[in-house]
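Structure file start_34.pdb with PDB, C-alpha atoms and all ligand atoms:
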```
ATOM      1  CA  MET A   1      34.963  13.939  51.151
ATOM      2  CA  LYS A   2      32.660  11.029  51.958
ATOM      3  CA  ILE A   3      30.069  12.262  49.481
ATOM      4  CA  ILE A   4      32.701  12.513  46.721
ATOM      5  CA  ILE A   5      33.773   8.920  47.286
ATOM      6  CA  GLN A   6      30.132   7.840  47.217
ATOM      7  CA  LEU A   7      29.618   9.712  43.961
ATOM      8  CA  CYS A   8      32.701   8.076  42.424
ATOM      9  CA  VAL A   9      31.512   4.627  43.448
ATOM     10  CA  LEU A  10      28.060   5.386  42.096
ATOM     11  CA  SER A  11      29.354   6.592  38.752
ATOM     12  CA  LEU A  12      31.625   3.551  38.446
ATOM     13  CA  ILE A  13      28.668   1.270  39.097
ATOM     14  CA  THR A  14      26.613   3.178  36.526
ATOM     15  CA  LEU A  15      29.459   2.817  34.032
ATOM     16  CA  PHE A  16      29.749  -0.940  34.477
ATOM     17  CA  VAL A  17      26.015  -1.449  34.341
ATOM     18  CA  SER A  18      25.530   0.726  31.263
ATOM     19  CA  ILE A  19      28.354  -0.716  29.122
ATOM     20  CA  PRO A  20      26.845  -4.182  28.659
ATOM     21  CA  LEU A  21      23.355  -2.689  28.309
ATOM     22  CA  SER A  22      24.275  -0.296  25.519
ATOM     23  CA  SER A  23      26.240  -2.877  23.555
ATOM     24  CA  ALA A  24      23.490  -5.489  23.927
ATOM     25  CA  GLY A  25      20.664  -3.067  23.129
ATOM     26  CA  GLU A  26      19.637  -2.350  19.578
ATOM     27  CA  SER A  27      20.108   1.135  18.158
ATOM     28  CA  ASP A  28      16.991   3.165  17.432
ATOM     29  CA  GLN A  29      17.766   3.100  13.710
ATOM     30  CA  TYR A  30      18.140  -0.690  13.697
ATOM     31  CA  GLN A  31      14.883  -1.083  15.618
ATOM     32  CA  ASP A  32      13.016   1.383  13.352
ATOM     33  CA  SER A  33      14.181  -0.455  10.229
ATOM     34  CA  LYS A  34      13.233  -3.783  11.782
ATOM     35  CA  ASN A  35       9.731  -2.405  12.468
ATOM     36  CA  LEU A  36       9.463  -1.260   8.850
ATOM     37  CA  TYR A  37      10.414  -4.750   7.636
ATOM     38  CA  MET A  38       7.533  -6.112   9.692
ATOM     39  CA  THR A  39       4.870  -3.448   9.165
ATOM     40  CA  LYS A  40       5.470  -3.293   5.396
ATOM     41  CA  PHE A  41       4.757  -7.044   5.281
ATOM     42  CA  CYS A  42       8.175  -8.077   3.918
ATOM     43  CA  ILE A  43       8.389 -10.496   6.842
ATOM     44  CA  THR A  44       5.357 -12.495   5.664
ATOM     45  CA  CYS A  45       7.231 -13.862   2.634
ATOM     46  CA  HIS A  46      10.888 -13.155   3.295
ATOM     47  CA  GLY A  47      10.745 -14.531   6.841
ATOM     48  CA  GLN A  48      11.501 -13.314  10.328
ATOM     49  CA  GLN A  49      15.281 -13.481   9.926
ATOM     50  CA  GLY A  50      15.294 -12.734   6.188
ATOM     51  CA  ILE A  51      15.155 -16.436   5.388
ATOM     52  CA  ALA A  52      12.245 -16.976   3.014
ATOM     53  CA  VAL A  53       9.138 -18.907   4.047
ATOM     54  CA  ALA A  54       8.827 -20.773   0.719
ATOM     55  CA  PRO A  55      11.455 -22.387  -1.553
ATOM     56  CA  ASN A  56      10.580 -20.176  -4.512
ATOM     57  CA  TYR A  57      10.906 -16.953  -2.477
ATOM     58  CA  PRO A  58      14.372 -15.419  -2.075
ATOM     59  CA  ASN A  59      16.290 -15.098   1.193
ATOM     60  CA  LEU A  60      17.286 -11.475   1.840
ATOM     61  CA  ALA A  61      19.455 -11.784   4.959
ATOM     62  CA  LYS A  62      23.065 -10.629   4.549
ATOM     63  CA  GLN A  63      22.525  -9.754   0.890
ATOM     64  CA  ASN A  64      24.343  -6.678  -0.458
ATOM     65  CA  LYS A  65      22.487  -3.485   0.421
ATOM     66  CA  LEU A  66      22.724  -1.821  -2.985
ATOM     67  CA  TYR A  67      21.570  -5.001  -4.699
ATOM     68  CA  LEU A  68      18.490  -5.195  -2.433
ATOM     69  CA  ILE A  69      17.619  -1.538  -3.039
ATOM     70  CA  ASN A  70      17.912  -1.936  -6.810
ATOM     71  CA  GLN A  71      15.844  -5.125  -6.882
ATOM     72  CA  VAL A  72      12.983  -3.674  -4.845
ATOM     73  CA  LYS A  73      12.923  -0.554  -7.035
ATOM     74  CA  ASP A  74      13.005  -2.659 -10.229
ATOM     75  CA  ILE A  75      10.267  -4.981  -8.984
ATOM     76  CA  ILE A  76       7.988  -2.148  -7.801
ATOM     77  CA  GLY A  77       8.732  -0.186 -10.996
ATOM     78  CA  LYS A  78       7.933  -3.346 -13.023
ATOM     79  CA  LYS A  79      11.344  -3.368 -14.709
ATOM     80  CA  ARG A  80      11.917  -6.800 -13.231
ATOM     81  CA  THR A  81       8.934  -9.035 -13.843
ATOM     82  CA  THR A  82       8.552 -12.746 -13.220
ATOM     83  CA  LYS A  83       5.577 -14.942 -12.404
ATOM     84  CA  LEU A  84       6.191 -14.123  -8.752
ATOM     85  CA  THR A  85       6.930 -10.395  -8.742
ATOM     86  CA  VAL A  86       3.146  -9.769  -8.827
ATOM     87  CA  LEU A  87       3.177 -10.792  -5.173
ATOM     88  CA  MET A  88       4.970  -7.526  -4.512
ATOM     89  CA  THR A  89       3.621  -5.264  -7.259
ATOM     90  CA  GLU A  90      -0.044  -6.042  -6.509
ATOM     91  CA  HIS A  91       0.329  -5.498  -2.784
ATOM     92  CA  PRO A  92      -1.030  -2.006  -1.895
ATOM     93  CA  VAL A  93       1.393  -1.428   0.991
ATOM     94  CA  ILE A  94       4.465  -2.711  -0.811
ATOM     95  CA  ASN A  95       3.843  -0.981  -4.114
ATOM     96  CA  SER A  96       3.518   2.376  -2.364
ATOM     97  CA  ILE A  97       6.712   2.017  -0.330
ATOM     98  CA  GLN A  98       8.927   5.130  -0.190
ATOM     99  CA  ASP A  99      12.579   5.206  -1.337
ATOM    100  CA  LYS A 100      13.802   6.010   2.183
ATOM    101  CA  GLU A 101      11.901   2.988   3.542
ATOM    102  CA  ILE A 102      13.463   0.722   0.897
ATOM    103  CA  VAL A 103      16.934   1.931   1.911
ATOM    104  CA  ASP A 104      16.203   1.405   5.629
ATOM    105  CA  ILE A 105      14.822  -2.098   5.091
ATOM    106  CA  ALA A 106      17.799  -2.996   2.878
ATOM    107  CA  ASP A 107      20.128  -1.708   5.593
ATOM    108  CA  TYR A 108      18.353  -3.872   8.169
ATOM    109  CA  MET A 109      18.526  -6.988   5.976
ATOM    110  CA  THR A 110      22.225  -6.470   5.244
ATOM    111  CA  ASN A 111      23.068  -6.025   8.914
ATOM    112  CA  ILE A 112      20.545  -8.434  10.429
ATOM    113  CA  ARG A 113      21.770 -10.234  13.563
TER
HETATM  114  C1  LIG B   1       3.598 -11.817  -0.798
HETATM  115  C2  LIG B   1       5.012 -12.194  -0.724
HETATM  116  C3  LIG B   1       6.045 -11.106  -0.707
HETATM  117  C4  LIG B   1       6.061  -9.966   0.072
HETATM  118  C5  LIG B   1       5.022  -9.518   1.067
HETATM  119  C6  LIG B   1       7.294  -9.283  -0.260
HETATM  120  N1  LIG B   1       8.009  -9.978  -1.175
HETATM  121 FE1  LIG B   1       9.833  -9.503  -1.905
HETATM  122  N2  LIG B   1       9.718 -11.067  -3.185
HETATM  123  C7  LIG B   1       8.737 -12.028  -3.190
HETATM  124  C8  LIG B   1       9.037 -13.004  -4.227
HETATM  125  C9  LIG B   1       8.228 -14.248  -4.531
HETATM  126  C10 LIG B   1      10.236 -12.574  -4.853
HETATM  127  C11 LIG B   1      10.952 -13.267  -6.011
HETATM  128  C12 LIG B   1      10.404 -12.728  -7.319
HETATM  129  C13 LIG B   1      11.064 -13.408  -8.479
HETATM  130  O1  LIG B   1      10.924 -14.618  -8.618
HETATM  131  O2  LIG B   1      11.696 -12.692  -9.278
HETATM  132  C14 LIG B   1      10.639 -11.368  -4.151
HETATM  133  C15 LIG B   1      11.796 -10.663  -4.443
HETATM  134  C16 LIG B   1      12.318  -9.694  -3.637
HETATM  135  C17 LIG B   1      13.646  -9.135  -3.778
HETATM  136  C18 LIG B   1      14.703  -9.539  -4.781
HETATM  137  C19 LIG B   1      15.594 -10.582  -4.135
HETATM  138  C20 LIG B   1      16.685 -11.113  -5.035
HETATM  139  O3  LIG B   1      17.479 -11.946  -4.563
HETATM  140  O4  LIG B   1      16.771 -10.745  -6.206
HETATM  141  C21 LIG B   1      13.784  -8.205  -2.798
HETATM  142  C22 LIG B   1      15.014  -7.380  -2.504
HETATM  143  C23 LIG B   1      12.531  -8.161  -2.068
HETATM  144  N3  LIG B   1      11.670  -9.086  -2.606
HETATM  145  C24 LIG B   1      12.291  -7.316  -1.019
HETATM  146  C25 LIG B   1      11.045  -7.193  -0.414
HETATM  147  C26 LIG B   1      10.718  -6.180   0.547
HETATM  148  C27 LIG B   1      11.677  -5.103   1.029
HETATM  149  C28 LIG B   1       9.425  -6.356   0.919
HETATM  150  C29 LIG B   1       8.608  -5.515   1.849
HETATM  151  C30 LIG B   1       8.500  -4.110   1.521
HETATM  152  C31 LIG B   1       8.942  -7.523   0.186
HETATM  153  N4  LIG B   1       9.949  -7.984  -0.614
HETATM  154  C32 LIG B   1       7.681  -8.077   0.315
HETATM  155  C33 LIG B   1       7.650 -12.093  -2.370
HETATM  156  C34 LIG B   1       7.273 -11.113  -1.480
END
```

With the file now loaded, output its structure as structure tokens.
Amino acid sequence: MKIIIQLCVLSLITLFVSIPLSSAGESDQYQDSKNLYMTKFCITCHGQQGIAVAPNYPNLAKQNKLYLINQVKDIIGKKRTTKLTVLMTEHPVINSIQDKEIVDIADYMTNIR
């Protein structure tokens, strides 16, 4: 009987400790997408929190996901060209980015917290 009570107390403690941890912790998907945003160099121009580092660069944070996906594809595919899109099209890492990576980064930017 004593052991059962101890087990109940232990599991209750585990429950209370794990609830705040799991809600405060970032999901694996969120973390993976965040890493992509950094390792694919987006962060260098579009900023740590998706707020651009220069006034003529766009902020991406909280933008619509589908819009972000379409813009990256258009810029990389040279359908959207401005004086500044060369910054992305001439970058070897960015211009070889995969569709799945674009979607994940867009998802991260839309949901950034
Ligand atoms: C060297 C700087 C630089 C890097 C690195 C860069 N971008 Fe950009 N990006 C720009 C600039 C500048 C523009 C604006 C181009 C224009 O004036 O049309 C832009 C435009 C965009 C847009 C369109 C935004 C809008 O509001 O229309 C998206 C989306 C975007 N970039 C995503 C990305 C992603 C994702 C990465 C990483 C894979 C990335 N960029 C890396 C400079 C950069």

Inset, instruction - Step by step, measure atom-to-atom distances between ligand LIG 1 (chain B) and each residue using only C-alpha atoms and all ligand atoms, keep those at most 6 Å, then write them as a ChimeraX atom specification. - result: /A:40-42,44-45,57-58,68,71-72,82,84-85,87-88,94,105

Could you save those same residues with C-alpha atoms as a short mmCIF file (atom, residue, chain, number, x, y, z; two decimals), in the frame of the given file?
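The result, written out as result33.cif:
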```
data_model
loop_
_atom_site.label_atom_id
_atom_site.label_comp_id
_atom_site.auth_asym_id
_atom_site.auth_seq_id
_atom_site.Cartn_x
_atom_site.Cartn_y
_atom_site.Cartn_z
CA LYS A 40 5.47 -3.29 5.40
CA PHE A 41 4.76 -7.04 5.28
CA CYS A 42 8.18 -8.08 3.92
CA THR A 44 5.36 -12.50 5.66
CA CYS A 45 7.23 -13.86 2.63
CA TYR A 57 10.91 -16.95 -2.48
CA PRO A 58 14.37 -15.42 -2.08
CA LEU A 68 18.49 -5.20 -2.43
CA GLN A 71 15.84 -5.12 -6.88
CA VAL A 72 12.98 -3.67 -4.84
CA THR A 82 8.55 -12.75 -13.22
CA LEU A 84 6.19 -14.12 -8.75
CA THR A 85 6.93 -10.40 -8.74
CA LEU A 87 3.18 -10.79 -5.17
CA MET A 88 4.97 -7.53 -4.51
CA ILE A 94 4.46 -2.71 -0.81
CA ILE A 105 14.82 -2.10 5.09
#
```

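Our summary of the geometry notes that CA of Gly25 in chain A is positioned 22.1 Å from CA of Val103 in chain A.
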
Legend entry - Nearest candidate to Gln98 in chain A (options A:Tyr67, A:Lys73, A:Asn111, A:Asn59; using all atoms listed in the file):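 The closest residue to Gln98 in chain A is A:Lys73.
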
Inset, instruction - To one decimal in Å, tell me the separation between CA of Asp104 in chain A and CA of Ser33 in chain A. - result: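 Computing the Euclidean distance for CA of Asp104 in chain A and CA of Ser33 in chain A yields 5.4 Å.
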
Legend entry - Distance in Å - CA of Thr110 in chain A versus CA of Gln63 in chain A: 5.5 Å

Inset, instruction - Find the residues around Lys34 in chain A up to 10 Å (all atoms listed in the file counted), leave out those fewer than 5 positions away in its own chain, and share them as a list in words. - result: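 Listing them by chain and then by number gives Asp28, Gln29, Thr39, Ile43, Gln48, Asp104, Ile105, Asp107, Tyr108, Met109 and Ile112 of chain A.
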
Legend entry - Nearest to Ile76 in chain A, chosen from A:Ile97, A:Ala61, A:Ala52, A:Ala106, with all atoms listed in the file counted in the distances: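 Under the stated criterion, the closest residue is A:Ile97.
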
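With distances restricted to all atoms listed in the file, A:Glu101 is the closest residue to Asn35 in chain A from A:Asn95, A:Glu101, A:Lys65, A:Arg113.
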
Inset, instruction - Pick out the closest residue to Val93 in chain A from this set: A:Ala54, A:Leu36, A:Asn64, A:Gly47. Count all atoms listed in the file. - result: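 So, comparing all the options, the nearest one is A:Leu36.
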
Legend entry - Nearest-residue call for Gly77 in chain A, choices A:Ser27, A:Asn56, A:Asp99, A:Asp32, using all atoms listed in the file: A:Asp99

Legend entry - Nearest residue to Leu66 in chain A from the set A:Gln49, A:Thr81, A:Met38, A:Ile102 (distances using only C-alpha atoms): A:Ile102
